[in-house]
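**Student:** Provided herewith: model_30.tsv, TSV, C-alpha atoms.
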```
chain	number	residue	atom	x	y	z
A	1	MET	CA	-0.07	-24.24	11.92
A	2	THR	CA	-2.83	-22.05	10.53
A	3	LEU	CA	-2.15	-18.37	10.01
A	4	PRO	CA	-4.89	-15.82	10.64
A	5	PRO	CA	-6.45	-14.15	7.60
A	6	VAL	CA	-4.76	-11.00	6.34
A	7	PRO	CA	-6.89	-7.92	6.99
A	8	LYS	CA	-7.87	-5.91	3.93
A	9	LEU	CA	-5.69	-2.86	3.31
A	10	ASP	CA	-7.49	0.34	4.36
A	11	VAL	CA	-6.23	2.36	1.39
A	12	ARG	CA	-7.88	5.67	2.31
A	13	ARG	CA	-6.44	5.61	5.83
A	14	SER	CA	-3.03	4.52	4.60
A	15	LEU	CA	-2.92	7.37	2.09
A	16	ARG	CA	-3.90	9.91	4.75
A	17	ASP	CA	-1.08	8.67	7.00
A	18	LEU	CA	1.64	9.05	4.35
A	19	PRO	CA	3.86	12.14	4.14
A	20	VAL	CA	3.50	12.21	0.32
A	21	PRO	CA	0.35	13.00	-1.73
A	22	LEU	CA	-0.39	9.69	-3.45
A	23	ALA	CA	-3.72	9.11	-5.23
A	24	TYR	CA	-5.61	5.80	-5.13
A	25	ASP	CA	-5.67	4.22	-8.61
A	26	GLY	CA	-7.49	0.95	-7.91
A	27	PRO	CA	-7.09	-2.46	-6.30
A	28	CYS	CA	-4.44	-4.93	-7.40
A	29	PRO	CA	-5.91	-7.82	-9.42
A	30	GLY	CA	-5.91	-11.40	-8.26
A	31	GLY	CA	-7.45	-10.89	-4.86
A	32	GLN	CA	-4.49	-9.38	-3.04
A	33	VAL	CA	-6.05	-7.80	0.05
A	34	GLY	CA	-2.89	-6.05	1.17
A	35	ALA	CA	-2.02	-4.07	-1.97
A	36	ALA	CA	-3.43	-1.26	-4.11
A	37	TYR	CA	-2.27	0.77	-7.09
A	38	VAL	CA	-1.48	4.42	-6.37
A	39	ARG	CA	-0.21	7.34	-8.46
A	40	TRP	CA	2.51	9.80	-7.56
A	41	PRO	CA	1.94	13.52	-8.29
A	42	ASP	CA	4.06	13.16	-11.47
A	43	GLY	CA	1.81	10.33	-12.74
A	44	ARG	CA	4.05	7.34	-11.99
A	45	ARG	CA	2.15	4.25	-10.83
A	46	SER	CA	3.24	2.22	-7.80
A	47	VAL	CA	1.91	-0.50	-5.53
A	48	LEU	CA	1.03	0.42	-1.95
A	49	THR	CA	1.30	-2.42	0.57
A	50	ARG	CA	0.93	-2.64	4.30
A	51	GLY	CA	4.37	-4.20	4.74
A	52	ILE	CA	7.26	-2.51	6.49
A	53	SER	CA	9.90	-1.14	4.17
A	54	ARG	CA	13.11	-3.14	4.20
A	55	ARG	CA	14.93	0.12	4.83
A	56	LEU	CA	12.93	0.59	8.05
A	57	ARG	CA	13.28	-2.94	9.39
A	58	PRO	CA	15.80	-3.48	12.17
A	59	ALA	CA	18.94	-5.30	11.02
```
How would this structure read if it were set down as structure tokens?
**Tutor:**
Amino acid sequence: MTLPPVPKLDVRRSLRDLPVPLAYDGPCPGGQVGAAYVRWPDGRRSVLTRGISRRLRPA
């Protein structure tokens, strides 16, 4: 079975759709197309992915 390619994360659109003001801080190294570094308003760095939060997934 061959899986389809993962579409590249549209960081700008994803950030616009979030209810928190995160700032784009650059792509993740290693060729990950579904992840980007972002910064919180207090300066903490996080990784933004296109996955569904485990808290939001149905049990």
**Student:** Just the residues within 10 Å of Gly34 (chain A), please, counting all atoms listed in the file, with nothing from its chain fewer than 5 positions along; format it as a PyMOL selection string.
**Tutor:** chain A and resi 6-11+27-28+47-51
**Student:** Given 5 Å on each side, where is the centre and what are the edge lengths in Å to one decimal of the axis-aligned box enclosing the listed atoms of region 33-37 of chain A, as lines of an AutoDock Vina configuration file?
**Tutor:**
```
center_x = -4.0
center_y = -3.5
center_z = -3.0
size_x = 14.0
size_y = 18.6
size_z = 18.3
```
**Student:** To one decimal place in Å, what is the distance between CA of Pro4 (chain A) and CA of Gly30 (chain A)?
**Tutor:** 19.4 Å
**Student:** Find the residues near Arg45 (chain A): any atom within 10 Å, counting only C-alpha atoms, skip ones fewer than 5 places away on the same chain, and give them as a list in words.
**Tutor:**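 These residues fall inside the cut-off: Leu22, Ala23, Tyr24, Asp25, Tyr37, Val38, Arg39 and Trp40 of chain A.
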**Student:** Selected residues, C-alpha atoms, written as a compact mmCIF listing (two decimals), in the coordinates of the input, please.
**Tutor:**
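Writing the result to selection09.txt gives the following:
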```
# COMPACT_ATOMS: atom_id res chain seq x y z
CA LEU A 22 -0.39 9.69 -3.45
CA ALA A 23 -3.72 9.11 -5.23
CA TYR A 24 -5.61 5.80 -5.13
CA ASP A 25 -5.67 4.22 -8.61
CA TYR A 37 -2.27 0.77 -7.09
CA VAL A 38 -1.48 4.42 -6.37
CA ARG A 39 -0.21 7.34 -8.46
CA TRP A 40 2.51 9.80 -7.56
```
**Student:** Please indicate the distance in Å from CA of Leu3 (chain A) to CA of Leu15 (chain A), rounded to one decimal place.
**Tutor:**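 Answer for the CA of Leu3 (chain A) to CA of Leu15 (chain A) separation: 26.9 Å.
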